[in-house]
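Everything below belongs to query-v6.pdb, which stores PDB, C-alpha atoms.
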ATOM      1  CA  MET A 851     110.033  48.145 112.203
ATOM      2  CA  LYS A 852     113.740  47.508 112.730
ATOM      3  CA  VAL A 853     115.891  50.610 112.573
ATOM      4  CA  LEU A 854     119.517  51.111 111.538
ATOM      5  CA  LEU A 855     121.234  54.075 113.249
ATOM      6  CA  THR A 856     124.245  55.400 111.371
ATOM      7  CA  ARG A 857     125.516  58.536 113.128
ATOM      8  CA  PRO A 858     129.199  58.761 114.147
ATOM      9  CA  GLU A 859     130.438  56.915 117.231
ATOM     10  CA  GLY A 860     128.923  58.337 120.405
ATOM     11  CA  ARG A 861     126.177  60.288 118.607
ATOM     12  CA  ASN A 862     123.450  57.597 118.515
ATOM     13  CA  GLN A 863     122.630  57.319 122.219
ATOM     14  CA  SER A 864     119.598  59.624 122.317
ATOM     15  CA  MET A 865     117.961  57.634 119.517
ATOM     16  CA  VAL A 866     118.937  54.344 121.160
ATOM     17  CA  ASP A 867     117.253  55.487 124.390
ATOM     18  CA  ALA A 868     114.146  56.689 122.543
ATOM     19  CA  LEU A 869     113.784  53.451 120.573
ATOM     20  CA  ASN A 870     114.343  51.361 123.701
ATOM     21  CA  GLU A 871     111.563  53.283 125.474
ATOM     22  CA  ARG A 872     109.237  52.466 122.593
ATOM     23  CA  GLY A 873     110.287  48.834 122.255
ATOM     24  CA  ILE A 874     111.628  49.314 118.732
ATOM     25  CA  ALA A 875     114.425  46.975 117.642
ATOM     26  CA  HIS A 876     117.503  48.756 116.359
ATOM     27  CA  TYR A 877     121.054  48.173 115.183
ATOM     28  CA  VAL A 878     123.906  50.705 115.430
ATOM     29  CA  THR A 879     126.546  50.976 112.709
ATOM     30  CA  PRO A 880     128.342  54.340 112.531
ATOM     31  CA  LEU A 881     128.795  55.185 108.850
ATOM     32  CA  LEU A 882     130.760  58.362 109.423
ATOM     33  CA  GLY A 883     133.859  59.073 111.461
ATOM     34  CA  VAL A 884     135.306  62.443 112.341
ATOM     35  CA  GLU A 885     138.911  63.406 113.038
ATOM     36  CA  PRO A 886     140.372  66.750 114.189
ATOM     37  CA  THR A 887     142.286  68.837 111.681
ATOM     38  CA  ILE A 888     143.290  71.797 113.857
ATOM     39  CA  HIS A 889     145.950  72.373 116.512
ATOM     40  CA  ILE A 890     146.599  75.940 117.596
ATOM     41  CA  THR A 891     150.028  77.100 118.784
ATOM     42  CA  THR A 892     151.055  80.276 120.564
ATOM     43  CA  ALA A 893     152.327  81.633 117.243
ATOM     44  CA  ASP A 894     148.910  81.389 115.649
ATOM     45  CA  PRO A 895     146.425  84.256 115.706
ATOM     46  CA  HIS A 896     143.162  83.557 117.477
ATOM     47  CA  PRO A 897     141.090  81.687 114.846
ATOM     48  CA  LEU A 898     137.955  83.586 115.870
ATOM     49  CA  ALA A 899     139.525  87.026 116.271
ATOM     50  CA  ASP A 900     137.586  90.077 115.055
ATOM     51  CA  THR A 901     134.462  88.025 114.420
ATOM     52  CA  ASP A 902     131.005  89.549 114.823
ATOM     53  CA  ILE A 903     129.010  86.412 114.082
ATOM     54  CA  ILE A 904     129.974  82.762 114.588
ATOM     55  CA  ILE A 905     127.919  80.061 112.895
ATOM     56  CA  CYS A 906     128.405  76.440 113.946
ATOM     57  CA  ILE A 907     127.303  73.931 111.338
ATOM     58  CA  SER A 908     127.186  70.858 113.580
ATOM     59  CA  ALA A 909     127.743  69.584 117.098
ATOM     60  CA  ASN A 910     131.072  68.215 115.863
ATOM     61  CA  ALA A 911     132.031  71.731 114.796
ATOM     62  CA  VAL A 912     131.467  72.913 118.369
ATOM     63  CA  ILE A 913     133.211  69.934 119.957
ATOM     64  CA  PHE A 914     136.327  70.019 117.792
ATOM     65  CA  ALA A 915     136.592  73.813 117.896
ATOM     66  CA  ASP A 916     136.437  73.720 121.687
ATOM     67  CA  LYS A 917     139.073  70.981 121.805
ATOM     68  CA  ALA A 918     141.324  73.023 119.520
ATOM     69  CA  LEU A 919     140.933  76.102 121.713
ATOM     70  CA  SER A 920     141.521  74.191 124.955
ATOM     71  CA  LYS A 921     144.660  72.462 123.641
ATOM     72  CA  THR A 922     146.412  75.683 122.683
ATOM     73  CA  ASP A 923     150.068  75.658 123.720
ATOM     74  CA  SER A 924     150.940  77.672 126.838
ATOM     75  CA  GLN A 925     147.920  79.971 126.739
ATOM     76  CA  ILE A 926     144.210  79.939 127.281
ATOM     77  CA  VAL A 927     142.170  80.738 124.200
ATOM     78  CA  THR A 928     138.491  81.233 124.863
ATOM     79  CA  TRP A 929     135.384  81.535 122.769
ATOM     80  CA  PRO A 930     135.031  85.258 121.985
ATOM     81  CA  LYS A 931     132.085  87.555 122.560
ATOM     82  CA  ALA A 932     130.011  87.401 119.387
ATOM     83  CA  GLN A 933     126.588  86.486 118.073
ATOM     84  CA  TYR A 934     126.352  82.710 117.859
ATOM     85  CA  PHE A 935     124.121  80.697 115.548
ATOM     86  CA  ALA A 936     123.507  76.946 115.367
ATOM     87  CA  VAL A 937     122.127  75.151 112.334
ATOM     88  CA  GLY A 938     120.409  72.440 114.388
ATOM     89  CA  HIS A 939     119.266  71.730 117.926
ATOM     90  CA  ALA A 940     122.099  69.307 118.701
ATOM     91  CA  THR A 941     124.540  72.060 117.738
ATOM     92  CA  TRP A 942     122.644  74.510 119.942
ATOM     93  CA  GLU A 943     122.882  72.044 122.834
ATOM     94  CA  ALA A 944     126.643  71.635 122.329
ATOM     95  CA  LEU A 945     127.090  75.420 122.573
ATOM     96  CA  ASP A 946     124.716  75.618 125.536
ATOM     97  CA  GLN A 947     126.849  73.080 127.408
ATOM     98  CA  LEU A 948     129.765  75.506 127.027
ATOM     99  CA  GLY A 949     127.672  78.338 128.432
ATOM    100  CA  ILE A 950     127.290  79.974 125.023
ATOM    101  CA  PHE A 951     123.893  81.314 124.019
ATOM    102  CA  ALA A 952     123.071  80.714 120.366
ATOM    103  CA  VAL A 953     120.141  81.248 118.049
ATOM    104  CA  GLU A 954     119.152  78.111 116.179
ATOM    105  CA  ALA A 955     117.450  77.568 112.849
ATOM    106  CA  PRO A 956     113.636  77.230 112.973
ATOM    107  CA  ASP A 957     112.297  73.872 114.154
ATOM    108  CA  ASP A 958     110.599  73.197 110.824
ATOM    109  CA  CYS A 959     113.791  73.734 108.798
ATOM    110  CA  GLN A 960     116.927  72.987 110.783
ATOM    111  CA  GLN A 961     119.353  73.392 107.928
ATOM    112  CA  THR A 962     121.095  76.137 105.962
ATOM    113  CA  GLU A 963     117.879  77.316 104.329
ATOM    114  CA  GLY A 964     116.172  77.695 107.703
ATOM    115  CA  LEU A 965     119.079  79.588 109.218
ATOM    116  CA  LEU A 966     119.039  82.055 106.348
ATOM    117  CA  THR A 967     115.426  83.012 107.144
ATOM    118  CA  LEU A 968     116.339  84.389 110.589
ATOM    119  CA  ALA A 969     115.757  88.120 110.925
ATOM    120  CA  SER A 970     119.116  88.624 112.650
ATOM    121  CA  LEU A 971     120.960  87.382 109.543
ATOM    122  CA  GLN A 972     119.218  89.672 107.072
ATOM    123  CA  ASN A 973     120.843  93.085 107.619
ATOM    124  CA  ILE A 974     124.539  92.204 107.908
ATOM    125  CA  PRO A 975     126.587  94.543 105.666
ATOM    126  CA  ALA A 976     130.316  94.469 106.508
ATOM    127  CA  LYS A 977     129.776  91.979 109.343
ATOM    128  CA  GLN A 978     132.684  89.596 109.928
ATOM    129  CA  ILE A 979     131.289  86.061 109.973
ATOM    130  CA  THR A 980     133.147  82.840 110.765
ATOM    131  CA  ILE A 981     131.521  79.542 109.830
ATOM    132  CA  ILE A 982     132.874  76.645 111.895
ATOM    133  CA  ARG A 983     132.535  73.361 110.045
ATOM    134  CA  GLY A 984     134.296  70.244 108.781
ATOM    135  CA  VAL A 985     136.493  70.177 105.716
ATOM    136  CA  GLY A 986     134.417  70.688 102.589
ATOM    137  CA  GLY A 987     130.657  70.845 102.593
ATOM    138  CA  ARG A 988     128.071  73.116 101.061
ATOM    139  CA  GLU A 989     128.857  76.666 100.017
ATOM    140  CA  ALA A 990     125.266  77.935  99.953
ATOM    141  CA  LEU A 991     125.396  79.532 103.412
ATOM    142  CA  ALA A 992     128.594  81.491 102.754
ATOM    143  CA  GLU A 993     127.372  82.504  99.312
ATOM    144  CA  GLN A 994     124.084  83.888 100.625
ATOM    145  CA  LEU A 995     125.704  85.719 103.542
ATOM    146  CA  THR A 996     128.301  87.219 101.206
ATOM    147  CA  ALA A 997     125.520  88.361  98.883
ATOM    148  CA  ARG A 998     124.004  90.160 101.868
ATOM    149  CA  GLY A 999     127.227  92.129 102.323
ATOM    150  CA  ALA A1000     129.023  90.106 104.995
ATOM    151  CA  ASN A1001     132.690  89.090 104.991
ATOM    152  CA  VAL A1002     132.692  85.322 105.447
ATOM    153  CA  ARG A1003     135.496  82.939 106.307
ATOM    154  CA  TYR A1004     135.663  79.285 107.352
ATOM    155  CA  TRP A1005     137.314  77.606 110.310
ATOM    156  CA  GLU A1006     137.437  73.920 109.367
ATOM    157  CA  VAL A1007     138.141  71.984 112.553
ATOM    158  CA  TYR A1008     137.478  68.368 111.552
ATOM    159  CA  GLN A1009     137.343  66.054 108.581
ATOM    160  CA  ARG A1010     134.926  63.262 107.796
ATOM    161  CA  VAL A1011     136.113  59.722 107.146
ATOM    162  CA  CYS A1012     134.332  56.505 106.309
ATOM    163  CA  PRO A1013     134.857  53.801 108.973
ATOM    164  CA  PRO A1014     136.639  50.672 107.705
ATOM    165  CA  LEU A1015     133.758  48.289 107.068
ATOM    166  CA  ASP A1016     133.382  45.281 104.805
ATOM    167  CA  GLY A1017     130.369  45.980 102.613
ATOM    168  CA  HIS A1018     129.262  42.388 102.083
ATOM    169  CA  SER A1019     129.649  41.440 105.742
ATOM    170  CA  ILE A1020     127.908  44.469 107.238
ATOM    171  CA  THR A1021     125.050  44.393 104.723
ATOM    172  CA  GLN A1022     124.487  40.725 105.507
ATOM    173  CA  GLN A1023     124.375  41.562 109.224
ATOM    174  CA  TRP A1024     121.753  44.240 108.569
ATOM    175  CA  GLN A1025     119.664  41.848 106.488
ATOM    176  CA  ASP A1026     119.945  39.045 109.071
ATOM    177  CA  PHE A1027     118.765  41.467 111.762
ATOM    178  CA  GLY A1028     115.805  42.408 109.579
ATOM    179  CA  ILE A1029     116.607  46.083 109.065
ATOM    180  CA  ASP A1030     113.846  47.785 107.083
ATOM    181  CA  THR A1031     114.343  51.412 108.166
ATOM    182  CA  ILE A1032     117.575  53.416 107.970
ATOM    183  CA  VAL A1033     118.213  56.789 109.605
ATOM    184  CA  VAL A1034     120.592  58.908 107.533
ATOM    185  CA  THR A1035     121.601  62.254 109.038
ATOM    186  CA  SER A1036     123.801  63.748 106.307
ATOM    187  CA  GLY A1037     124.730  63.484 102.656
ATOM    188  CA  GLU A1038     128.099  62.000 103.627
ATOM    189  CA  VAL A1039     126.389  59.200 105.571
ATOM    190  CA  LEU A1040     124.149  58.463 102.585
ATOM    191  CA  ASN A1041     127.135  58.343 100.238
ATOM    192  CA  ASN A1042     128.955  55.935 102.538
ATOM    193  CA  LEU A1043     125.843  53.750 102.783
ATOM    194  CA  ILE A1044     125.465  53.655  98.995
ATOM    195  CA  ASN A1045     129.144  52.794  98.540
ATOM    196  CA  LEU A1046     129.068  50.028 101.157
ATOM    197  CA  VAL A1047     126.068  48.056  99.908
ATOM    198  CA  PRO A1048     127.164  45.647  97.149
ATOM    199  CA  LYS A1049     125.420  46.047  93.806
ATOM    200  CA  GLU A1050     123.854  42.609  94.019
ATOM    201  CA  LEU A1051     122.198  43.599  97.329
ATOM    202  CA  PHE A1052     121.076  47.040  96.240
ATOM    203  CA  ALA A1053     117.491  45.851  95.735
ATOM    204  CA  TRP A1054     117.366  45.264  99.506
ATOM    205  CA  LEU A1055     118.477  48.853 100.156
ATOM    206  CA  ARG A1056     115.810  50.174  97.782
ATOM    207  CA  SER A1057     113.204  48.219  99.759
ATOM    208  CA  CYS A1058     114.150  50.025 102.971
ATOM    209  CA  HIS A1059     112.508  53.173 104.319
ATOM    210  CA  ILE A1060     115.199  55.885 104.478
ATOM    211  CA  ILE A1061     114.869  58.847 106.862
ATOM    212  CA  VAL A1062     116.829  61.906 105.678
ATOM    213  CA  PRO A1063     117.430  65.332 107.273
ATOM    214  CA  SER A1064     116.880  67.748 104.387
ATOM    215  CA  ASN A1065     115.538  68.387 100.900
ATOM    216  CA  ARG A1066     119.071  68.136  99.528
ATOM    217  CA  VAL A1067     119.686  64.652 100.955
ATOM    218  CA  GLU A1068     116.184  63.578  99.901
ATOM    219  CA  ALA A1069     117.012  64.541  96.307
ATOM    220  CA  GLN A1070     120.339  62.748  96.649
ATOM    221  CA  ALA A1071     118.570  59.551  97.755
ATOM    222  CA  HIS A1072     116.103  59.733  94.853
ATOM    223  CA  ALA A1073     119.020  60.202  92.441
ATOM    224  CA  PHE A1074     120.362  56.836  93.653
ATOM    225  CA  GLY A1075     117.026  55.188  92.875
ATOM    226  CA  ILE A1076     115.786  55.084  96.461
ATOM    227  CA  ASN A1077     112.096  55.982  96.534
ATOM    228  CA  GLN A1078     110.921  55.141 100.053
ATOM    229  CA  VAL A1079     112.276  58.344 101.576
ATOM    230  CA  THR A1080     110.904  60.532 104.364
ATOM    231  CA  ASN A1081     112.358  63.991 104.949
ATOM    232  CA  ALA A1082     112.544  64.747 108.694
ATOM    233  CA  ASN A1083     113.651  68.343 107.943
ATOM    234  CA  ALA A1084     116.278  68.047 110.694
ATOM    235  CA  ALA A1085     118.738  65.514 112.076
ATOM    236  CA  ASN A1086     117.792  65.682 115.764
ATOM    237  CA  SER A1087     116.049  62.836 117.562
ATOM    238  CA  LYS A1088     112.696  64.606 117.891
ATOM    239  CA  ALA A1089     112.502  65.203 114.144
ATOM    240  CA  VAL A1090     113.575  61.639 113.331
ATOM    241  CA  LEU A1091     111.026  60.157 115.752
ATOM    242  CA  ASN A1092     108.308  62.286 114.157
ATOM    243  CA  ALA A1093     109.363  61.043 110.720
ATOM    244  CA  LEU A1094     109.130  57.476 112.046
ATOM    245  CA  LYS A1095     105.667  58.313 113.449
ATOM    246  CA  LEU A1096     106.895  57.460 116.924
TER     247      LEU A1096
END
Would you mind writing the file's structure down as structure tokens?
Amino acid sequence: MKVLLTRPEGRNQSMVDALNERGIAHYVTPLLGVEPTIHITTADPHPLADTDIIICISANAVIFADKALSKTDSQIVTWPKAQYFAVGHATWEALDQLGIFAVEAPDDCQQTEGLLTLASLQNIPAKQITIIRGVGGREALAEQLTARGANVRYWEVYQRVCPPLDGHSITQQWQDFGIDTIVVTSGEVLNNLINLVPKELFAWLRSCHIIVPSNRVEAQAHAFGINQVTNANAANSKAVLNALKL
């Protein structure tokens, strides 16, 4: 097994360490970049004002929101008192590092669908909920919470970009290394992977074992004709290692 790790820059280290411990060869190529979209000024209202519940979609949501708050001009803007929820464990850890207690989605379904099963998100009429996320993304969470009577808004603190890579060159590097397993942690990463691999080399991609984080991304992979897919049901290292049977 030779594994390709594709998370954004700086987000692959826990998997690198785990694979090194197990003697598994790996290659790191970030297939997703993130850039901040928010800068708060003294004239702006607090972006999390009057919020009962704050839901962070990803660790990047936590990181970029905290950077936006800490860079506020001439004033200190802090994370407010509220109920905090994290979609996945990495997001929970990012909040924990800030001293914020959060409830995370169940271990067996660390995604929107798992979060929506939590008892504390069932009876929420008239609750003010802010979802912190990147630009765009799924609407299912907001739609379900709204249907339960909540008032939902977004705070989009970053945007996703595809790193500038030459498809032919990078695919050849992966093949030369002997990559046969690819860890994909989001639909955006999968899209960027699909778009990078030249059509004439697509048979190689279809021969690879693809690890995905959710049912949605699994269906997305199958729609592209990729059949060797394992759903880890989360994007954290523990779930990925389990999917790799490591």
Would you mind listing, for every residue of stretch 918-957 of chain A within 12 Å of stretch 980-991 of chain A, the two atoms forming the shortest contact and the distance between them in Å to one decimal, using all atoms listed in the file, sorted by chain and ascending residue number, as JSON lines?
{"residue": "A:Ala918", "atom": "CA", "partner": "A:Ile982", "partner_atom": "CA", "distance": 11.9}
{"residue": "A:Pro930", "atom": "CA", "partner": "A:Thr980", "partner_atom": "CA", "distance": 11.6}
{"residue": "A:Ala932", "atom": "CA", "partner": "A:Thr980", "partner_atom": "CA", "distance": 10.2}
{"residue": "A:Gln933", "atom": "CA", "partner": "A:Thr980", "partner_atom": "CA", "distance": 10.5}
{"residue": "A:Tyr934", "atom": "CA", "partner": "A:Thr980", "partner_atom": "CA", "distance": 9.8}
{"residue": "A:Phe935", "atom": "CA", "partner": "A:Ile981", "partner_atom": "CA", "distance": 9.4}
{"residue": "A:Ala936", "atom": "CA", "partner": "A:Ile982", "partner_atom": "CA", "distance": 10.0}
{"residue": "A:Val937", "atom": "CA", "partner": "A:Leu991", "partner_atom": "CA", "distance": 10.5}
{"residue": "A:Thr941", "atom": "CA", "partner": "A:Ile982", "partner_atom": "CA", "distance": 11.2}
Pick from A:Leu995, A:Leu855, A:Cys906, A:Ile974 nearest to A:Gln961, counting all atoms listed in the file: A:Cys906
Between atom CA of A:Ala909 and atom CA of A:Ala875, distance in Å (one decimal): 26.2 Å
Expected selection from the PyMOL selection byres ((chain A and resi 1079) around 8), given as a ChimeraX atom specification: /A:1059-1062,1068,1071-1072,1076-1078,1080-1081
Which residue of A:Ile1020, A:Val1007, A:Ala1073, A:Ala940 approaches A:Asp957 most closely, using all atoms listed in the file: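 Ranked by minimum distance to A:Asp957, first place goes to A:Ala940.
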Selection result of the PyMOL selection byres ((chain A and resi 1022-1027) around 9) on this file, as a PyMOL selection string: chain A and resi 852+854+876-877+1017-1021+1028-1030+1051+1054
Could the residues in this selection be written to a file with C-alpha atoms, as a short mmCIF file (atom, residue, chain, number, x, y, z; two decimals), in the coordinates of the input?
data_model
loop_
_atom_site.label_atom_id
_atom_site.label_comp_id
_atom_site.auth_asym_id
_atom_site.auth_seq_id
_atom_site.Cartn_x
_atom_site.Cartn_y
_atom_site.Cartn_z
CA LYS A 852 113.74 47.51 112.73
CA LEU A 854 119.52 51.11 111.54
CA HIS A 876 117.50 48.76 116.36
CA TYR A 877 121.05 48.17 115.18
CA GLY A 1017 130.37 45.98 102.61
CA HIS A 1018 129.26 42.39 102.08
CA SER A 1019 129.65 41.44 105.74
CA ILE A 1020 127.91 44.47 107.24
CA THR A 1021 125.05 44.39 104.72
CA GLY A 1028 115.80 42.41 109.58
CA ILE A 1029 116.61 46.08 109.06
CA ASP A 1030 113.85 47.78 107.08
CA LEU A 1051 122.20 43.60 97.33
CA TRP A 1054 117.37 45.26 99.51
#
Residue neighbourhood A:Arg998, 10 Å, all atoms listed in the file, exclusion window fewer than 3 positions, as a ChimeraX atom specification: /A:971-977,992-995,1001
One-decimal distance in Å that lies between atom CA of A:Pro1013 and atom CA of A:Val912: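 According to the coordinates, atom CA of A:Val912 and atom CA of A:Pro1013 are separated by 21.6 Å.
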Å distance separating atom CA of A:Ile1044 from atom CA of A:Ile907, one decimal place: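 Calculated distance between atom CA of A:Ile1044 and atom CA of A:Ile907 is 23.8 Å.
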